[in-house]
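Below: the structure, in structure tokens.
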Amino acid sequence: MKFKKLILKVIIASLGIVACNSLSAQQIDKIYLQKDWRADWIKVPKTGDNDYGVYYFRKQVTFQNISTTCPVYVSADNCYKLYVNQKLVSTGPAKGDTKHWNYETVDLAPYLKVGDNIVAALVWNDGEYRPTANISLKTAFILQAGIDQGRVLNTGSSWVCIQDTGYSPIKIDLPLTSYKMGPGEFIDMNKTIRNWNDTDCDVTNWMKPEKLGKGNSYKFGVINNNYLQPSELPQMELTDQRISKLRMSEGINVPEDFPVKKQNITIPSNSKVTFILDQTYLTNAYLNLEFSDGENAQITVEYCETLYEKYPLSKGNRNEIEGKEFKGRMDRIISNGANNQKFTTLFFRTFRYLKVEIETQGKALVLNNIYSTFTGYPFVKRFNLDTENKELKEILAIGWRTSRLCAFDTYFDCPYYEQLQYIGDTQIQALISVFNSGDSRLFRNAINLIDQSRSTEGITLSRYPAGEEQVIGIYSVWYIAMLNDYLMYCNDSNFVKDKLLGARQIINYYKKHQQADGSVINLPGWLFTDWTKSTNWTLGVCKLGGDGCSSLLDLQLLYAYEQMVNLEKDIGINDFEDIYTKEIEKLKKTIRNKYWDNKVGLFADRVEKDGFSQHANILAILTGVVSGDEAKKIAEKILTDKTLAQASIYFKYYLHQALTKAGMGDKYLEWLDVWRDNIKMGLTTWAETSDLNASRSDCHAWGASPNIEFFRTVLGIDSDAPGFTKVKIEPHLGKLTEIGGEMPHPNGIIKVNYSLLKNSLKADIVLPSNTSGRFIWKGKEILLNEGENHLKL
């Protein structure tokens with residue numbers, strides 16, 4: 001796969017960020033995939049392998065001339081920032097596990113100069129406070145040049161290194177939740193090493209590194225270091241942004257345009273001041289502080305998505321701060337009294353609100369600047385919804401922001417609390433990537449990682465990468481669905497074909513937990529389906545029947561079998577298709593016999609028929625257990641019967657698909673109340689659950705499904721063959737009379753525009769080259785060709 005050169009959007013002075021060239025996978029020197037690297041993994045001597053610590057590595061080198069390219073392969077355990085002549089050129093590594101440890105490929109030529117050069121890396125490991133998503137073997141750094149001229153840069157005894165003892169961790173304790181992210185940073189500028197990547201830095205006390213052995217790929221037996229592989233991902237985006245508003249200040253009067261404009265704010269000696277700053281929207285960003293003087297002054301910065309009501313502890317409207325408490329992740333800095341001190345967080349923070357508290361000692365401190373640097377996977381917006389309906393545009397924009405904040409080197413469930421790649425979240429997020437940007441690299445990366453998480457029994461973990469193993473057995477179903485989505489929407493069938501063996505092993509795992517009638521029993525792990533509040537549901541799990549079974553488990557397995565049939569039919573083996581088809585027939589019969597309640601006219605959650613949910617009946621429609629008029633009757637009851645256990649914002653993704661399949665797609669825009677409620681409550685991203693006061697996270701991209709369905713359901717654009725080689729367009733306009741839009745396709749862009757007058761539809765459709773399709777309207781089907789298609793019906 002060829003990677004386009006990524007040009008960072010701005011030059012950020014305090015971070016030294018400049019344009020960074022990402023080399024393609026084809027340019028990687030294949031020798032490093034076939035034998036040992038020439039470079040060594042190195043560490044700072046007499047430091048622990050897994051302790052908390054911040055470390056610097058540097059190499060001074062003189063070049064008489066510079067090649068047009070100078071590729072290097074760089075990685076670290078656990079995280080690094082690589083600088084050349086004080087300019088940040090790479091961050092990483094992209095997350096993996098010790099058997100699949102990523103290195104980034106970076107061209108240093110644009111940053112090197114004739115004469116003396118400093119190549120330096122900041123490496124850190126959060127030790128026992130490490131985020132759950134960060135797997136670690138031992139703290140180390142490695143850099144390998146890809147051309148002869150650059151061999152002098154290979155890590156080894158010619159480098160020097162040191163630990164920065166000015167850093168220590170701050171343990172985070174947040175309300176209403178378990179917190180799985182890293183610690184805050186306490187940095188004493190009196191102890192830290194200034195200008196560590198500059199030629200002016202005194203390296204007299206720096207040490208030669210301890211060598212831990214050569215870099216290796218996974219192909220070489222037992223080794224003591226991480227197995228290295230090239231990352232398929234580009235560098236993350238870095239974009240400078242000002243903080244929008246001052247919401248509160250105590251102890252000092254500040255100019256009205258603070259902090260929007262850079263200016264000096266003097267905090268007098270022996271005083272304490274507090275600011276609450278509002279970005280006005282949630283963001284992922286590195287915080288940048290610039291300050292001077294103020295010897296031994298203490299600066300504390302807290303970050304939160306929103307403030308909390310005091311009694312009871314809840315969130316309320318996110319735009320309101322009066323009478324609320326600030327509870328968030330924290331960093332703390334001690335000033336050394338010098339001019340032009342700079343602090344940038346090692347890793348990004350997620351926040352809408354910042355609380356800055358400054359307490360000075362005997363000397364005044366000058367706050368020179370405070371701003372942040374947005375970061376995230378560099379998705380490019382390639383969609384548009386052409387409508388006068390401002391609400392639809394707002395929902396789409398919030399969904400795009402939400403999906404961006406939940407995408408970095410993996411997809412995240414939430415950026416503030418966990419940053420873990422859960423399969424249930426990721427299936428939806430991956431399709432948003434396809435429908436909104438057309439960039440499938442993070443989608444492909446997610447499939448690779450989830451596949452690598454499979455146990456010897458065949459089942460995947462619920463989330464990966466992760467240092468703690470968690471099994472949500474049914475999430476492997478949605479992984480199989482991800483494979484089918486990738487096959488249908490991305491032109492890369494060989495990649496999916498390579499994953500089929502693992503998918504079959506998942507099915508074999510489930511077969512061990514099927515009874516003779518096909519019903520699932522004794523499935524290990526957390527049987528999570530959805531964050532549903534109902535009598536028979538606890539922690540997202542529907543109560544099992546006395547026989548140990550439930551329709552939820554049986555229907556989700558049925559869904560997996562049907563996805564496997566699609567995969568085997570298109571790229572697999574016919575014999576497996578036949579085997580899975582027989583399992584489908586058996587399960588459908590069992591589900592109908594065990595769970596259908598003729599009196600209620602719905603499928604029950606368990607054999608006792610004492611509880612009913614939207615979920616069971618959603619899945620019955622999606623899997624074809626019911627169809628036609630029966631499916632439509634069930635769909636109507638799903639919408640109107642409020643005694644049913646209700647789908648949360650997450651499972652509404654499947655609810656809306658089921659309702660559309662049952663013939664109710666024209667009502668889609670009437671089903672968006674939970675998103676409207678989020679907007680009314682001041683959220684700028686979609687909350688984790690439908691209970692907005694108690695929702696842990698204010699940013700969960702599994703709720704951004706309208707960013708798919710505005711195109712797939714309303715505009716009606718969908719894949720009709722593997723690789724999106726054929727397009728089906730079946731709009732559901734409801735009460736809309738004018739709407740259009742465009743979305744990415746593997747061959748280009750699909751554009752549609754609809755005008756509806758009484759019962760007459762005018763449709764203008766543009767398909768990319770080498771792409772055909774069909775248009776469906778009120779039972780009538782018309783073939784579409786590449787290029788422009790103008791229809792009147």
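Here's how to read the names in the structure tokens: chain A, B, ... by the order shown, residue numbers from 1 in each chain, ligand numbers from 1 in the order shown.
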*Nearby residues (only C-alpha atoms) at most 10 Å from Tyr475 in chain A, same-chain spacing under 4 positions excluded, as a ChimeraX atom specification*: /A:422-425,427,459-463,471,479-481,526-529,556
*Would you kindly return, as an MDAnalysis selection string, each protein, DNA or RNA residue with an atom no farther than 7 Å from any atom of range 440-452 of chain A, considering only C-alpha atoms and excluding same-chain residues fewer than 5 positions away?*
chainID A and resid 233 410 430 433:434 460 464:465 502
May I have the selected residues written with C-alpha atoms, as a PDB file, in the first residue's frame?
```pdb
ATOM      1  CA  LEU A 233      -0.245   4.012   9.349  1.00  0.00           C
ATOM      2  CA  THR A 410      -6.150   2.627  16.769  1.00  0.00           C
ATOM      3  CA  ALA A 430     -14.575   1.769  10.639  1.00  0.00           C
ATOM      4  CA  SER A 433     -14.106   6.131   8.068  1.00  0.00           C
ATOM      5  CA  VAL A 434     -15.144   4.520   4.785  1.00  0.00           C
ATOM      6  CA  THR A 460     -10.856 -12.856  19.947  1.00  0.00           C
ATOM      7  CA  TYR A 464      -6.987  -5.007  21.510  1.00  0.00           C
ATOM      8  CA  PRO A 465      -4.234  -4.064  21.992  1.00  0.00           C
ATOM      9  CA  GLY A 502      -9.254 -17.082  11.813  1.00  0.00           C
TER      10      GLY A 502
END
```
_According to DSSP computed on the backbone, where in range 472-650 of chain A is there helix (DSSP H, G or I)? Give the residues as a PyMOL selection string._
chain A and resi 475-489+493-511+551-571+574-595+614-622+628-640
_Atom-to-atom span, CA of Ser551 in chain A and CA of Val607 in chain A, Å_ =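 Value for the CA of Ser551 in chain A-CA of Val607 in chain A distance: 8.0 Å.
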Given only C-alpha atoms, how would the per-residue table for range 194-258 of chain A near range 48-68 of chain A read, listing every residue at most 12 Å away with its closest atom pair and distance in Å to one decimal, sorted by chain and number, as a tab-separated table?
```
residue	atom	partner	partner_atom	distance
A:Arg194	CA	A:Tyr56	CA	11.1
A:Asn195	CA	A:Tyr56	CA	10.9
A:Trp196	CA	A:Tyr56	CA	7.3
A:Asn197	CA	A:Arg58	CA	7.1
A:Asp198	CA	A:Arg58	CA	9.6
A:Thr199	CA	A:Gln60	CA	8.4
A:Asp200	CA	A:Gln60	CA	11.7
A:Cys201	CA	A:Arg58	CA	10.7
A:Asp202	CA	A:Arg58	CA	11.9
A:Val203	CA	A:Arg58	CA	9.5
A:Trp206	CA	A:Phe57	CA	9.2
A:Met207	CA	A:Phe57	CA	9.5
A:Lys208	CA	A:Phe57	CA	9.5
A:Pro209	CA	A:Phe57	CA	8.4
A:Glu210	CA	A:Phe57	CA	11.5
A:Leu212	CA	A:Asp49	CA	10.9
A:Asn225	CA	A:Asp49	CA	11.7
```
Kindly save the residues from that selection, with all heavy atoms included, as a short mmCIF file (atom, residue, chain, number, x, y, z; two decimals), in the first residue's frame.
```cif
data_model
loop_
_atom_site.label_atom_id
_atom_site.label_comp_id
_atom_site.auth_asym_id
_atom_site.auth_seq_id
_atom_site.Cartn_x
_atom_site.Cartn_y
_atom_site.Cartn_z
N ARG A 194 17.11 20.93 30.36
CA ARG A 194 16.70 21.90 29.34
C ARG A 194 17.52 21.73 28.07
O ARG A 194 18.68 21.29 28.11
CB ARG A 194 16.84 23.33 29.85
CG ARG A 194 15.99 23.65 31.09
CD ARG A 194 15.95 25.13 31.35
NE ARG A 194 15.19 25.85 30.32
CZ ARG A 194 15.16 27.18 30.20
NH1 ARG A 194 15.88 27.94 31.03
NH2 ARG A 194 14.45 27.77 29.27
N ASN A 195 16.93 22.06 26.94
CA ASN A 195 17.63 22.07 25.64
C ASN A 195 18.29 20.72 25.34
O ASN A 195 19.36 20.67 24.72
CB ASN A 195 18.68 23.18 25.61
CG ASN A 195 18.08 24.55 25.88
OD1 ASN A 195 17.00 24.87 25.40
ND2 ASN A 195 18.78 25.35 26.67
N TRP A 196 17.63 19.63 25.77
CA TRP A 196 18.24 18.30 25.63
C TRP A 196 18.47 17.90 24.18
O TRP A 196 19.30 17.03 23.90
CB TRP A 196 17.35 17.27 26.34
CG TRP A 196 15.95 17.21 25.78
CD1 TRP A 196 14.90 17.94 26.18
CD2 TRP A 196 15.52 16.39 24.71
NE1 TRP A 196 13.80 17.64 25.43
CE2 TRP A 196 14.15 16.68 24.52
CE3 TRP A 196 16.12 15.43 23.89
CZ2 TRP A 196 13.39 16.05 23.54
CZ3 TRP A 196 15.37 14.81 22.92
CH2 TRP A 196 14.01 15.12 22.74
N ASN A 197 17.75 18.51 23.25
CA ASN A 197 17.92 18.15 21.83
C ASN A 197 18.60 19.26 21.03
O ASN A 197 18.55 19.29 19.81
CB ASN A 197 16.58 17.81 21.21
CG ASN A 197 15.58 18.95 21.27
OD1 ASN A 197 15.89 20.01 21.79
ND2 ASN A 197 14.39 18.72 20.74
N ASP A 198 19.31 20.17 21.75
CA ASP A 198 19.95 21.31 21.11
C ASP A 198 21.47 21.13 21.16
O ASP A 198 22.02 20.43 22.01
CB ASP A 198 19.54 22.59 21.86
CG ASP A 198 19.97 23.85 21.13
OD1 ASP A 198 20.53 23.74 20.03
OD2 ASP A 198 19.73 24.95 21.66
N THR A 199 22.16 21.81 20.25
CA THR A 199 23.63 21.76 20.24
C THR A 199 24.22 22.40 21.48
O THR A 199 25.35 22.10 21.87
CB THR A 199 24.17 22.48 18.99
OG1 THR A 199 23.62 23.79 18.93
CG2 THR A 199 23.82 21.72 17.72
N ASP A 200 23.46 23.28 22.15
CA ASP A 200 23.96 23.98 23.33
C ASP A 200 23.89 23.13 24.60
O ASP A 200 24.40 23.53 25.65
CB ASP A 200 23.16 25.26 23.58
CG ASP A 200 23.36 26.28 22.47
OD1 ASP A 200 24.41 26.21 21.80
OD2 ASP A 200 22.46 27.13 22.27
N CYS A 201 23.25 21.97 24.52
CA CYS A 201 23.09 21.15 25.71
C CYS A 201 24.44 20.57 26.16
O CYS A 201 25.21 20.03 25.35
CB CYS A 201 22.11 20.01 25.45
SG CYS A 201 21.82 18.95 26.87
N ASP A 202 24.72 20.67 27.44
CA ASP A 202 25.94 20.10 28.01
C ASP A 202 25.71 18.62 28.26
O ASP A 202 24.90 18.23 29.12
CB ASP A 202 26.29 20.82 29.31
CG ASP A 202 27.57 20.29 29.95
OD1 ASP A 202 28.22 19.41 29.34
OD2 ASP A 202 27.90 20.75 31.06
N VAL A 203 26.42 17.77 27.52
CA VAL A 203 26.20 16.32 27.64
C VAL A 203 27.32 15.65 28.44
O VAL A 203 27.49 14.43 28.37
CB VAL A 203 26.08 15.68 26.24
CG1 VAL A 203 24.87 16.22 25.51
CG2 VAL A 203 27.36 15.90 25.42
N TRP A 206 26.06 12.85 30.46
CA TRP A 206 25.29 11.84 29.76
C TRP A 206 26.12 10.55 29.66
O TRP A 206 27.35 10.57 29.72
CB TRP A 206 24.89 12.32 28.37
CG TRP A 206 23.86 13.42 28.37
CD1 TRP A 206 23.84 14.54 29.15
CD2 TRP A 206 22.70 13.49 27.54
NE1 TRP A 206 22.75 15.31 28.87
CE2 TRP A 206 22.03 14.70 27.87
CE3 TRP A 206 22.17 12.69 26.55
CZ2 TRP A 206 20.85 15.10 27.24
CZ3 TRP A 206 21.00 13.07 25.91
CH2 TRP A 206 20.35 14.26 26.26
N MET A 207 25.45 9.43 29.50
CA MET A 207 26.12 8.12 29.50
C MET A 207 26.01 7.44 28.15
O MET A 207 25.12 7.74 27.34
CB MET A 207 25.47 7.22 30.55
CG MET A 207 25.57 7.73 31.97
SD MET A 207 24.53 6.75 33.10
CE MET A 207 22.93 7.46 32.75
N LYS A 208 26.92 6.50 27.94
CA LYS A 208 26.74 5.60 26.82
C LYS A 208 25.59 4.65 27.15
O LYS A 208 25.46 4.20 28.28
CB LYS A 208 28.01 4.80 26.54
CG LYS A 208 29.12 5.61 25.90
CD LYS A 208 30.26 4.71 25.46
CE LYS A 208 31.32 5.51 24.70
NZ LYS A 208 32.41 4.63 24.21
N PRO A 209 24.76 4.31 26.16
CA PRO A 209 23.60 3.48 26.47
C PRO A 209 24.00 2.02 26.70
O PRO A 209 25.06 1.56 26.26
CB PRO A 209 22.74 3.61 25.21
CG PRO A 209 23.72 3.89 24.11
CD PRO A 209 24.80 4.72 24.74
N GLU A 210 23.13 1.32 27.39
CA GLU A 210 23.25 -0.13 27.51
C GLU A 210 22.59 -0.76 26.30
O GLU A 210 21.44 -0.46 25.98
CB GLU A 210 22.56 -0.60 28.79
CG GLU A 210 22.59 -2.11 28.99
CD GLU A 210 21.83 -2.55 30.22
OE1 GLU A 210 21.56 -1.69 31.10
OE2 GLU A 210 21.48 -3.75 30.31
N LEU A 212 20.84 -3.72 24.24
CA LEU A 212 19.96 -4.84 24.61
C LEU A 212 19.82 -5.88 23.52
O LEU A 212 19.02 -6.80 23.63
CB LEU A 212 18.56 -4.30 24.96
CG LEU A 212 18.50 -3.26 26.08
CD1 LEU A 212 17.08 -2.75 26.26
CD2 LEU A 212 19.01 -3.87 27.39
N ASN A 225 13.72 -9.21 22.69
CA ASN A 225 13.20 -7.89 22.37
C ASN A 225 11.91 -8.01 21.57
O ASN A 225 11.52 -9.10 21.14
CB ASN A 225 14.23 -7.10 21.55
CG ASN A 225 15.47 -6.78 22.36
OD1 ASN A 225 15.38 -6.30 23.48
ND2 ASN A 225 16.65 -7.07 21.81
#
```
_Between CA of Leu644 in chain A and CA of Arg712 in chain A, what is the distance in Å, rounded to a tenth?_
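Answer for the CA of Leu644 in chain A to CA of Arg712 in chain A separation: 27.1 Å.
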Dump as a tab-separated table the rows for residues of range 167-197 of chain A within 9 Å of range 287-304 of chain A: closest atom pair and distance in Å with one decimal, only C-alpha atoms counted, ordered by chain and rising residue number.
```
residue	atom	partner	partner_atom	distance
A:Asp188	CA	A:Asn296	CA	8.7
A:Met189	CA	A:Asn296	CA	8.7
A:Asn190	CA	A:Asn296	CA	8.2
```
*Have a look at CA of Gly150 in chain A and CA of Cys70 in chain A and let me know their distance in Å, one decimal.*
6.5 Å
_range 391-395 of chain A surroundings by only C-alpha atoms, 12 Å radius, close-in-sequence under 2 positions cut, as a PyMOL selection string_ = chain A and resi 383-389+397-402+668-670+672-680+683-686+703-711+714+736+739+741
Proximity of range 453-556 of chain A to range 565-582 of chain A: per-residue shortest pair, 10 Å limit, only C-alpha atoms, as CSV:
```
residue,atom,partner,partner_atom,distance
A:Ile480,CA,A:Leu567,CA,9.1
A:Ala481,CA,A:Leu567,CA,9.6
A:Leu483,CA,A:Leu567,CA,8.0
A:Asn484,CA,A:Leu567,CA,6.3
A:Asp485,CA,A:Leu567,CA,9.9
A:Leu487,CA,A:Leu567,CA,7.9
A:Met488,CA,A:Leu567,CA,9.6
A:Ser493,CA,A:Ile571,CA,7.3
A:Asn494,CA,A:Ile571,CA,8.3
A:Val496,CA,A:Ile571,CA,8.3
A:Lys497,CA,A:Ile571,CA,6.2
A:Asp498,CA,A:Ile571,CA,9.8
A:Leu500,CA,A:Gly572,CA,7.4
A:Leu501,CA,A:Gly572,CA,9.5
A:Ala503,CA,A:Leu567,CA,9.7
A:Arg504,CA,A:Phe576,CA,8.9
A:Ile507,CA,A:Tyr580,CA,9.3
```
Residues as selected, N, CA and C atoms, written as an mmCIF file, in the first residue's frame, can you do that?
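What follows is the written file part17.cif:
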```cif
data_model
loop_
_atom_site.group_PDB
_atom_site.id
_atom_site.type_symbol
_atom_site.label_atom_id
_atom_site.label_comp_id
_atom_site.auth_asym_id
_atom_site.auth_seq_id
_atom_site.Cartn_x
_atom_site.Cartn_y
_atom_site.Cartn_z
ATOM 1 N N ILE A 480 -16.428 -10.625 12.790
ATOM 2 C CA ILE A 480 -16.744 -11.272 11.512
ATOM 3 C C ILE A 480 -17.529 -10.312 10.625
ATOM 4 N N ALA A 481 -18.449 -9.554 11.229
ATOM 5 C CA ALA A 481 -19.184 -8.551 10.459
ATOM 6 C C ALA A 481 -18.242 -7.486 9.906
ATOM 7 N N LEU A 483 -15.195 -7.984 8.928
ATOM 8 C CA LEU A 483 -14.568 -8.571 7.746
ATOM 9 C C LEU A 483 -15.470 -8.444 6.534
ATOM 10 N N ASN A 484 -16.758 -8.711 6.735
ATOM 11 C CA ASN A 484 -17.700 -8.608 5.627
ATOM 12 C C ASN A 484 -17.839 -7.157 5.165
ATOM 13 N N ASP A 485 -17.858 -6.216 6.116
ATOM 14 C CA ASP A 485 -17.907 -4.794 5.746
ATOM 15 C C ASP A 485 -16.674 -4.402 4.931
ATOM 16 N N LEU A 487 -14.803 -6.312 3.130
ATOM 17 C CA LEU A 487 -14.904 -6.941 1.813
ATOM 18 C C LEU A 487 -15.816 -6.126 0.902
ATOM 19 N N MET A 488 -16.941 -5.668 1.420
ATOM 20 C CA MET A 488 -17.943 -5.005 0.583
ATOM 21 C C MET A 488 -17.558 -3.571 0.222
ATOM 22 N N SER A 493 -9.845 -7.622 -1.463
ATOM 23 C CA SER A 493 -10.424 -8.919 -1.094
ATOM 24 C C SER A 493 -9.375 -9.913 -0.613
ATOM 25 N N ASN A 494 -8.144 -9.820 -1.124
ATOM 26 C CA ASN A 494 -7.106 -10.762 -0.686
ATOM 27 C C ASN A 494 -6.786 -10.601 0.795
ATOM 28 N N VAL A 496 -8.941 -9.771 3.158
ATOM 29 C CA VAL A 496 -10.006 -10.441 3.904
ATOM 30 C C VAL A 496 -9.860 -11.953 3.772
ATOM 31 N N LYS A 497 -9.506 -12.409 2.596
ATOM 32 C CA LYS A 497 -9.339 -13.849 2.378
ATOM 33 C C LYS A 497 -8.301 -14.424 3.334
ATOM 34 N N ASP A 498 -7.265 -13.650 3.615
ATOM 35 C CA ASP A 498 -6.218 -14.086 4.526
ATOM 36 C C ASP A 498 -6.735 -14.230 5.954
ATOM 37 N N LEU A 500 -9.846 -15.366 6.709
ATOM 38 C CA LEU A 500 -10.948 -16.321 6.764
ATOM 39 C C LEU A 500 -10.668 -17.497 7.693
ATOM 40 N N LEU A 501 -9.433 -17.970 7.718
ATOM 41 C CA LEU A 501 -9.109 -19.096 8.591
ATOM 42 C C LEU A 501 -9.392 -18.735 10.042
ATOM 43 N N ALA A 503 -11.501 -16.473 11.094
ATOM 44 C CA ALA A 503 -12.948 -16.349 11.269
ATOM 45 C C ALA A 503 -13.591 -17.716 11.439
ATOM 46 N N ARG A 504 -13.115 -18.701 10.692
ATOM 47 C CA ARG A 504 -13.645 -20.067 10.850
ATOM 48 C C ARG A 504 -13.328 -20.619 12.236
ATOM 49 N N ILE A 507 -15.904 -19.370 14.586
ATOM 50 C CA ILE A 507 -17.135 -20.149 14.453
ATOM 51 C C ILE A 507 -16.988 -21.503 15.148
#
```
